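> This is the structure, below, for whatever I ask next.
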Amino acid sequence: MKPTDTKNPEYFHKVVDCQYACPAHTPVPEYIRLIAAERYTDAYMVNWQSNVFPGILGRTCDRPCEPACRRVRVEEQPVAICRLKRVAADNKDDITDRLPEIPKTKNGKRVALIGAGPASLTVARGLAPLGYSIDIYDNQFAGGGMMRSQIPSFRLPIEVLDEEVNYILNMGVNATFDVQVESLKEILDKEYDAVFVGTGAPRGKGLNLPGLEDAMPNVYLGIDWLSSVAFEHTTSIGKRVLVLGGGNTAMDCCRTSRRMGGEDVRVVVRSPFEEMKASPWEKEDAASEGIPIYNNHVPKEFVVEDGKLKGMHFEKVEAHYDEEGKRTLVPTGEDLVFMEADDVLMAIGQENAFPWIERDLGIEFDKWEMPVVDEVTFQSTNEKVFFGGDSAFGPENIITAVAHGHQAAVSIDLFCRGEDVHNRPPPHVTLSSQKMGVHEWSYDNAVANDLRYAVPHAPLAKTLKNRKIEVELGFDVETGYKEAERCLNCDVQTVFDELRCIECDACVDICPTDCITFTTNGAEEDLRKRLEAPANNLAQDLYISADLPTMRVMVKDENVCLHCGLCAERCPTTAWDMQKFLYNVSKAGE
Amino acid sequence: MSYQLPKFRHPELPVNDLGYTRADYEGAISTLCAGCGHDSISGAIVRACHELSIEPHKIAKLSGIGCSSKAPTYFLGNSHGFNSVHGRMPSVVTGAALANRDLLYMGVSGDGDTASIGMGQFTHVARRNLNMVYIVMNNGCYGLTKGQDSATADRGSASKKGDPNIYSAIDLCGTALQMGATFVARSFSGDKEQLVPLIKAAISHRGFALIDIVSPCVTFNNNTKSTKSYEFVREHAEATGTIDFVPMHSEITTEYQPGHAHEVTMHDGSSIRLYKMDESLNPFDRRSAVNVLEEHRYSGNILTGLIYMNLDSRDLHEVLETSQRPLNSLDESDLCPGNKMLLNINASLR
Ligand SMILES: Cc1cc2nc3c(=O)[nH]c(=O)nc-3n(C[C@H](O)[C@H](O)[C@H](O)COP(=O)(O)OP(=O)(O)OC[C@H]3O[C@@H](n4cnc5c(N)ncnc54)[C@H](O)[C@@H]3O)c2cc1C
Ligand SMILES: Cc1ncc(C[n+]2csc(CCOP(=O)(O)OP(=O)(O)O)c2C)c(N)n1
Ligand code: SF4
Ligand code: SF4
Ligand code: SF4
Ligand SMILES: [Mg+2]
């Protein structure tokens with residue numbers, strides 16, 4: 001193999017598993033260390049720069065970082081990255097003086113943002129400090145998009161949402177609420193320099209089953225029902241509720257139902273339990289609120305008697321898999337299952353809908369009626385119009401919308417300055433030695449054995465009574481510290497200097513996880529078989545040195561390195577050093 | 001400075017016949033200087049014991065005084081240990097071994113501990129062919145007391161702060177051969193490929209097995225004028241040949257050309273295979289071994305690998321016909337066989 005080019009920022013970036021997995025590439029270990037140091041405001045700002053909504057995300061993020069966390073490769077549970085973010089938000093001081101300054105004199109460029117969800121707000125956060133004049137249009141009464149209309153208050157209190165949305169709305173942006181944009185042409189006619197479409201995926205999918213027409217008064221689309229609860233148009237639900245679907249929307253529907261008068265609330269899902277789309281923690285929370293999940297049940301029909309919904313019939317199925325692992329649900333042949341219901345919520349998915357975008361504006365749509373959008377620049381085929389968040393490629397989550405928003409802001413800024421939108425600014429990276437003394441590091445290199453700490457919950461008796469009472473209480477400061485100490489500091493990189501190495505084997509002998517091998521070079525496949533310990537995780541790179549005096553090379557399998565620094569401590573010549581690698585995605589104007 | 005090794009290990013570490021991973025044979029985190037050759041030897045011992053599937057509680061590691069003699073703390077943390085007096089490890093092992101022949105005795109010593117203060121003990125334990133592995137972590141100096149030349153320092157070699165040594169060196173392999181040792185090998189801490197099979201062979205050998213391991217002292221004796229530095233040893237080591245250890249019951253998988261390899265069955269049923277042996281050396285002939293050692297000394301090279309092995313070795317227990325069972329398991333009826341037996345004995349002496 002060729003010696004590893006550690007000058008390429010992507011090499012060390014990939015080693016920081018959580019940051020790499022985060023769509024916005026939040027420097028996770030950096031903020032976790034700041035939490036351990038009780039520097040909550042600093043930790044909050046590291047987050048804010050990357051993901052704009054630390055308090056919101058610290059409660060609701062889909063957390064793709066956690067399954068990626070290195071800890072799951074050496075023990076059971078990842079670091080509670082998401083809930084640590086909340087610790088920073090809960091304990092920070094006033095941050096208003098740390099927010100970017102908004103220039104009094106504008107740069108003369110006007111940008112329209114349609115929708116006020118996380119994607120649009122992120123674009124505003126990027127462009128307002130650069131002097132852009134920004135107009136936001138949204139059909140809800142306040143900003144936040146689905147974070148306001150869909151995510152229930154028992155998961156995300158309104159005050160937390162308002163605070164972080166307002167940091168952006170207070171950047172001198174001009175927001176018009178309660179307005180439905182009916183025509184993109186009208187917006188374009190206002191001669192904006194650029195338009196960003198951040199309207200999400202606002203249409204709920206339904207199931208057209210026999211009996212639906214008669215059952216209609218008691219059947220709701222999940223996302224419409226949730227927003228009507230959030231906006232207080234709906235204040236109750238029947239005692240017996242069936243929620244159809246296995247995703248996070250279904251989980252929010254059933255848990256909200258429990259708080260709105262539902263006593264026998266059931267989730268019924270076609271797929272096997274393990275394959276439900278809902279995150280494991282959402283399923284756990286539903287279970288702890290006494291909500292059973294019936295899996296392998298396919299809805300067949302609504303049962304209506306005397307013009308009133310009585311319940312539903314379901315067909316029991318089994319999942320069968322072919323050689324490629326493709327699933328088919330095969331009926332078991334048992335009798336249909338009847339379940340009683342006063343109300344039914346259909347939470348089986350959302351889709352995009354752009355009836356308000358005229359098809360003659362130069363914006364190309366594909367066969368699924370989705371706009372053709374560049375995955376890097378977020379530009380549509382009309383160079384002035386950009387898309388991001390759920391409106392670009394279908395429903396995802398908040399952190400993805402934020403990541404899109406950052407990149408779209410970069411593009412819009414480049415575009416308005418007349419530059420090529422493909423000319424992306426490189427990330428900001430720094431690499432700095434953590435050596436403080438002969439065997440001393442400026443990071444806490446000892447590896448904590450603690451198992452993951454659980455976030456405490458408010459008592460059920462209390463939370464089920466009022467949908468606005470937050471269920472999770474968050475870590476207290478002491479538990480937050482202990483959880484933070486579980487982080488392995490994957491951004492503190494093991495950096496090898498072949499010119500200093502005397503091949504004494506000290507690093508090989510000390511490494512607790514057998515990462516390091518000195519051997520003759522070879523092709524990757526061959527090398528992986530010759531290392532001190534099995535190197536079967538192909539997703540993790542091998543770090544290869546140049547030739548050493550004995551004509552061997554140093555090979556380090558990054559897979560289960562604990563970043564404990566022992567290799568560097570035991571190296572007599574400082575050929576190994578522990579260096580902190582900070583990687584920040586460039587934002588607009590940087 | 002880290003005082004504890006992290007608990008986590010590679011999740012796919014291979015397990016041996018006993019179900020243990022290499023980690024079960026590790027010891028406390030080392031406090032030796034970073035880069036000390038002794039740590040690599042500890043690593044090689046861990047590997048050899050793991051691969052041989054020896055139950056950790058069936059091993060006793062004993063040592064004298066010195067950095068090398070501290071090393072047993074850093075391997076085989078689940079085994080018995082005895083850190084004795086400077087140069088006196090052999091007599092403690094002798095006592096222990098006579099009391100209980102069931103344990104594997106792993107003596108660990110330094111060149112100071114062995115070739116200076118412990119020379120008398122060393123020669124006698126070799127001569128008695130006590131069943132033990134005797135490892136010398138040989139750095140040519142007294143590391144623990146800040147690097148004074150030891151008796152194995154070569155003439156003309158100089159440590160970091162010292163003048164060239166004016167005395168001639170004691171060759172521990174030569175001495176052991178002279179004294180009647182039945183297994184003699186030399187190796188280098190920086191060459192685990194050679195060292196691990198040698199340690200395994202020494203463990204399987206019944207009788208006194210010496211491995212003299214050049215082990216650079218990075219702090220006091222790893223400079224350009226030293227003949228025990230990493231660089232010098234790498235440039236001047238000359239292997240007698242390569243050696244493979246094949247444990248008992250295991251299938252023989254590697255093929256070898258007859259004439260190029262020599263297979264030897266050990267006492268415990270395992271075997272070792274010697275490849276590409278130096279033409280002039282017959283490792284089963286003591287005179288040949290002595291000659292080859294001498295030749296290398298003249299040429300200024302360091303002969304490594306298996307140097308001598310006596311296939312007919314009879315260890316001290318066999319010679320003395322000692323108790324098969326550990327002394328602590330003998331009860332009163334074993335120790336006082338009764339009046340009738342005493343009368344028989346007396347009668348036999350009349
Ligand atoms: C029930 C539910 C729970 C969820 N829970 C989570 C969670 O816990 N964590 C998570 O990360 N994600 C969650 N999501 C997904 C997340 O809410 C979205 O992915 C995210 O909000 C998308 O952001 P966006 O900015 O693209 O659009 P949105 O947040 O959808 O915002 C779009 C805004 O534009 C408005 N709009 C649309 N069309 C027009 C128009 N023509 N004129 C004017 N205004 C318009 C909409 O009303 C809305 O206010 C959840 C989604 C649902 C449905
Ligand atoms: C009876 C006695 N004499 C002298 C000493 C001082 N002393 C301690 S270690 C040592 C030499 C150790 O050298 P070596 O065995 O080569 O070990 P190294 O530290 O080099 O590994 C000496 C002379 C002692 N501890 N006890
Ligand atoms: S251990 Fe810490 S730095 Fe490493 S992946 Fe997990 S959270 Fe990120
Ligand atoms: S930091 Fe060094 S010693 Fe620690 S696990 Fe990683 S490679 Fe091994
Ligand atoms: S002084 Fe020398 S022998 Fe002792 S621990 Fe340090 S390097 Fe090793
Ligand atoms: Mg010594």
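Note on naming: chains are A, B, ... as they come in the structure tokens, residues start from 1 per chain, ligands start from 1 in the order shown.
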Check the DSSP output for the backbone and give back, as an MDAnalysis selection string, the residues of stretch 100-285 of chain B in strand (DSSP E or B).
chainID B and resid 104:110 132:138 141:142 148:149 183:188 208:214 237:239 242:246 258 261:265 271:275
> Include C-alpha atoms and write out the residues we just selected as a tab-separated table (two decimals), in the first residue's frame.

```tsv
chain	number	residue	atom	x	y	z
B	104	LEU	CA	6.42	-24.23	34.94
B	105	TYR	CA	9.34	-22.24	36.35
B	106	MET	CA	10.15	-19.09	34.45
B	107	GLY	CA	13.26	-17.40	35.84
B	108	VAL	CA	13.85	-13.85	34.68
B	109	SER	CA	17.15	-12.14	35.27
B	110	GLY	CA	19.48	-9.46	33.97
B	132	MET	CA	13.30	-24.30	34.23
B	133	VAL	CA	13.37	-21.55	31.64
B	134	TYR	CA	16.09	-19.04	32.42
B	135	ILE	CA	15.66	-15.76	30.59
B	136	VAL	CA	18.41	-13.17	30.68
B	137	MET	CA	17.36	-9.72	29.52
B	138	ASN	CA	20.85	-8.72	28.49
B	141	CYS	CA	24.68	-2.66	31.79
B	142	TYR	CA	23.12	-2.26	35.19
B	148	GLN	CA	27.25	0.97	34.79
B	149	ASP	CA	28.95	-1.54	32.46
B	183	PHE	CA	19.18	-25.99	26.04
B	184	VAL	CA	21.00	-22.83	24.99
B	185	ALA	CA	19.66	-20.09	22.73
B	186	ARG	CA	20.24	-16.43	22.03
B	187	SER	CA	17.82	-13.89	20.65
B	188	PHE	CA	17.00	-10.21	20.36
B	208	PHE	CA	17.69	-26.17	32.14
B	209	ALA	CA	16.87	-23.87	29.19
B	210	LEU	CA	18.77	-20.62	28.85
B	211	ILE	CA	17.72	-17.87	26.48
B	212	ASP	CA	20.18	-14.99	26.49
B	213	ILE	CA	18.22	-12.12	24.93
B	214	VAL	CA	19.97	-8.95	23.84
B	237	ALA	CA	22.76	-10.38	14.35
B	238	GLU	CA	23.24	-13.60	12.46
B	239	ALA	CA	20.66	-16.29	12.94
B	242	THR	CA	14.81	-20.20	11.66
B	243	ILE	CA	12.76	-22.21	14.08
B	244	ASP	CA	9.13	-23.22	14.15
B	245	PHE	CA	7.36	-24.63	17.14
B	246	VAL	CA	4.64	-27.20	16.53
B	258	PRO	CA	13.86	-32.66	3.42
B	261	ALA	CA	14.72	-28.73	7.84
B	262	HIS	CA	15.19	-30.80	10.90
B	263	GLU	CA	12.31	-31.91	13.04
B	264	VAL	CA	12.81	-32.73	16.70
B	265	THR	CA	10.24	-34.18	19.05
B	271	SER	CA	8.08	-30.71	18.17
B	272	ILE	CA	10.33	-28.02	16.82
B	273	ARG	CA	11.46	-27.58	13.27
B	274	LEU	CA	14.72	-26.01	12.36
B	275	TYR	CA	15.13	-24.52	8.90
```
> Could I get the residue neighbourhood of ligand 3 at 7 Å, counting only C-alpha atoms and all ligand atoms, as a list in words?
Val16, Asp17, Cys18, Gln19, Val28, Pro29, Ala68, Cys69, Arg70, Arg71, Pro78, Val79, Ile81, Arg486, Cys487, Leu488, Asn489, Cys490 and Asp491 of chain A
> If you count only C-alpha atoms and all ligand atoms, which residues end up within 6 Å of ligand 1, as number ranges by chain?
A: 60-62, 115-120, 137-140, 145-147, 150-151, 179-182, 198-201, 223, 248-249, 252, 389-391, 395-399, 401
> Okay, now the selection with N, CA, C and O atoms, as a short mmCIF file (atom, residue, chain, number, x, y, z; two decimals), in the first residue's frame?

```cif
data_model
loop_
_atom_site.label_atom_id
_atom_site.label_comp_id
_atom_site.auth_asym_id
_atom_site.auth_seq_id
_atom_site.Cartn_x
_atom_site.Cartn_y
_atom_site.Cartn_z
N THR A 60 -33.87 15.98 20.25
CA THR A 60 -34.64 15.34 19.17
C THR A 60 -33.80 14.78 18.03
O THR A 60 -34.37 14.20 17.10
N CYS A 61 -32.50 14.96 18.08
CA CYS A 61 -31.73 14.57 16.89
C CYS A 61 -31.85 13.07 16.62
O CYS A 61 -31.94 12.26 17.53
N ASP A 62 -31.87 12.73 15.38
CA ASP A 62 -31.86 11.33 14.95
C ASP A 62 -30.55 10.64 15.30
O ASP A 62 -30.44 9.43 15.21
N GLY A 115 -40.63 28.80 3.42
CA GLY A 115 -40.66 27.84 4.52
C GLY A 115 -39.72 28.34 5.60
O GLY A 115 -38.68 28.94 5.30
N ALA A 116 -40.12 28.14 6.86
CA ALA A 116 -39.27 28.60 7.97
C ALA A 116 -38.87 27.43 8.85
O ALA A 116 -38.85 27.51 10.07
N GLY A 117 -38.58 26.30 8.22
CA GLY A 117 -38.09 25.13 8.95
C GLY A 117 -36.59 25.25 9.16
O GLY A 117 -35.97 26.26 8.82
N PRO A 118 -36.00 24.20 9.72
CA PRO A 118 -34.57 24.25 10.03
C PRO A 118 -33.69 24.52 8.80
O PRO A 118 -32.66 25.19 8.93
N ALA A 119 -34.09 24.06 7.63
CA ALA A 119 -33.26 24.28 6.44
C ALA A 119 -33.20 25.78 6.12
O ALA A 119 -32.10 26.35 6.00
N SER A 120 -34.35 26.42 6.02
CA SER A 120 -34.37 27.85 5.70
C SER A 120 -33.69 28.66 6.79
O SER A 120 -32.93 29.60 6.51
N TYR A 137 -40.90 33.40 4.03
CA TYR A 137 -42.35 33.22 3.92
C TYR A 137 -42.72 31.86 4.47
O TYR A 137 -42.12 30.86 4.07
N ASP A 138 -43.69 31.81 5.37
CA ASP A 138 -44.10 30.51 5.92
C ASP A 138 -45.59 30.54 6.23
O ASP A 138 -46.13 31.55 6.65
N ASN A 139 -46.22 29.37 6.05
CA ASN A 139 -47.68 29.32 6.25
C ASN A 139 -48.09 29.03 7.69
O ASN A 139 -49.27 28.91 7.98
N GLN A 140 -47.12 28.85 8.59
CA GLN A 140 -47.48 28.65 10.00
C GLN A 140 -47.42 30.00 10.72
O GLN A 140 -46.91 30.97 10.16
N GLY A 145 -40.98 25.34 11.38
CA GLY A 145 -41.42 24.27 10.48
C GLY A 145 -41.95 23.09 11.27
O GLY A 145 -42.70 23.26 12.24
N MET A 146 -41.59 21.90 10.87
CA MET A 146 -42.10 20.70 11.53
C MET A 146 -41.59 20.55 12.96
O MET A 146 -42.15 19.80 13.73
N MET A 147 -40.50 21.26 13.28
CA MET A 147 -40.03 21.20 14.66
C MET A 147 -41.13 21.77 15.58
O MET A 147 -41.24 21.41 16.73
N GLN A 150 -44.85 19.33 14.30
CA GLN A 150 -44.87 17.87 14.40
C GLN A 150 -44.26 17.32 15.67
O GLN A 150 -44.78 16.37 16.24
N ILE A 151 -43.13 17.86 16.07
CA ILE A 151 -42.46 17.25 17.23
C ILE A 151 -43.21 17.67 18.49
O ILE A 151 -43.33 18.85 18.77
N VAL A 179 -48.60 32.92 5.77
CA VAL A 179 -48.81 33.18 4.36
C VAL A 179 -48.45 31.93 3.55
O VAL A 179 -47.37 31.37 3.69
N GLN A 180 -49.43 31.51 2.74
CA GLN A 180 -49.19 30.35 1.89
C GLN A 180 -48.62 30.87 0.57
O GLN A 180 -49.25 31.71 -0.07
N VAL A 181 -47.44 30.38 0.19
CA VAL A 181 -46.93 30.78 -1.11
C VAL A 181 -47.62 29.92 -2.16
O VAL A 181 -47.55 28.69 -2.11
N GLU A 182 -48.32 30.56 -3.06
CA GLU A 182 -49.11 29.83 -4.04
C GLU A 182 -48.42 29.76 -5.39
O GLU A 182 -48.83 28.99 -6.26
N GLY A 198 -37.41 25.79 1.09
CA GLY A 198 -37.24 24.91 2.25
C GLY A 198 -38.60 24.56 2.81
O GLY A 198 -38.89 24.78 3.99
N THR A 199 -39.45 24.01 1.94
CA THR A 199 -40.85 23.80 2.32
C THR A 199 -41.12 22.40 2.84
O THR A 199 -42.26 22.05 3.12
N GLY A 200 -40.08 21.59 2.99
CA GLY A 200 -40.26 20.29 3.60
C GLY A 200 -41.02 19.30 2.76
O GLY A 200 -41.18 19.47 1.54
N ALA A 201 -41.49 18.25 3.43
CA ALA A 201 -42.30 17.22 2.77
C ALA A 201 -43.63 17.20 3.49
O ALA A 201 -43.87 16.39 4.37
N ILE A 223 -49.61 13.27 10.41
CA ILE A 223 -48.92 14.56 10.55
C ILE A 223 -49.92 15.71 10.62
O ILE A 223 -49.68 16.70 11.31
N ASN A 248 -41.18 7.04 13.24
CA ASN A 248 -41.19 7.96 14.36
C ASN A 248 -42.50 8.75 14.44
O ASN A 248 -42.94 9.12 15.53
N THR A 249 -43.13 9.01 13.29
CA THR A 249 -44.41 9.72 13.32
C THR A 249 -45.43 8.88 14.09
O THR A 249 -46.20 9.40 14.90
N ASP A 252 -44.82 9.29 17.73
CA ASP A 252 -45.32 10.57 18.26
C ASP A 252 -46.84 10.58 18.32
O ASP A 252 -47.43 11.13 19.25
N GLY A 389 -33.12 20.67 2.77
CA GLY A 389 -33.99 20.04 3.77
C GLY A 389 -34.85 18.98 3.10
O GLY A 389 -34.50 18.46 2.04
N ASP A 390 -35.99 18.70 3.69
CA ASP A 390 -36.86 17.63 3.18
C ASP A 390 -37.36 17.91 1.77
O ASP A 390 -37.75 16.98 1.05
N SER A 391 -37.35 19.19 1.35
CA SER A 391 -37.87 19.50 0.02
C SER A 391 -36.91 19.06 -1.09
O SER A 391 -37.32 18.91 -2.23
N PRO A 395 -38.15 13.27 2.80
CA PRO A 395 -38.07 13.46 4.25
C PRO A 395 -36.84 12.82 4.89
O PRO A 395 -36.53 11.67 4.61
N GLU A 396 -36.16 13.62 5.69
CA GLU A 396 -35.01 13.11 6.45
C GLU A 396 -35.18 13.53 7.90
O GLU A 396 -36.06 13.05 8.55
N ASN A 397 -34.34 14.46 8.34
CA ASN A 397 -34.43 14.88 9.73
C ASN A 397 -33.82 16.28 9.87
O ASN A 397 -33.34 16.87 8.89
N ILE A 398 -33.83 16.78 11.10
CA ILE A 398 -33.42 18.17 11.31
C ILE A 398 -31.94 18.38 10.96
O ILE A 398 -31.59 19.32 10.25
N ILE A 399 -31.10 17.47 11.43
CA ILE A 399 -29.66 17.69 11.24
C ILE A 399 -29.29 17.66 9.76
O ILE A 399 -28.40 18.38 9.31
N ALA A 401 -31.36 18.65 7.38
CA ALA A 401 -31.85 19.94 6.86
C ALA A 401 -30.83 21.03 7.16
O ALA A 401 -30.55 21.90 6.32
#
```
> Find the residues near ligand 2. Use a cut-off of 9 Å, count only C-alpha atoms and all ligand atoms, and write them as a PyMOL selection string.
chain B and resi 38+64-71+85-87+109-118+136-152+215+217
> Check every residue of chain B for an atom within 7 Å of chain A, counting only C-alpha atoms, and provide those that qualify as a ChimeraX atom specification.
/B:1-2,5-13,34-35,37,39-40,43,190
> Leaving out A:Ser433 and any residue of its chain fewer than 6 positions from it, which residues lie within 10 Å of it when counting only C-alpha atoms, given as an MDAnalysis selection string?
chainID A and resid 441:442 492:495 577:581
> For A:Val555, which residue among A:Ala215, A:Ala43, A:Cys254, A:Met1 is the nearest when counting only C-alpha atoms?
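So, comparing all the options, the nearest one is A:Met1.
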> So how far away is atom CA of A:Ser227 from atom CA of A:Lys185, in Å?
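If I compute the distance from atom CA of A:Lys185 to atom CA of A:Ser227, I get 28.2 Å.
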> Do you know which residues are at most 9 Å from stretch 156-160 of chain A counting only C-alpha atoms, after dropping those on the same chain fewer than 3 positions away, and could you put them as a list in words?
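My list of contacting residues is Gly55, Ile56, Arg59, Thr60, Met147, Arg148, Ile151, Pro152, Ser153, Glu163, Glu164, Val165, Lys468, Ile469 and Glu470 of chain A.
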> Figure out the distance between atom CA of A:Leu244 and atom CA of A:Glu369, please, to one decimal in Å.
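Atom-to-atom, atom CA of A:Glu369 to atom CA of A:Leu244, that is 26.0 Å.
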> Identify which of the residues B:Ile307, B:Leu281, B:Ile29, B:Leu342 lies closest to ligand 4, counting only C-alpha atoms and all ligand atoms when measuring atom-to-atom distances.
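Of the candidates, the smallest distance to ligand 4 is held by B:Ile29.
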> Between atom CA of B:Tyr308 and atom CA of B:Thr182, what is the distance in Å, rounded to a tenth?
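Calculated distance between atom CA of B:Tyr308 and atom CA of B:Thr182 is 7.2 Å.
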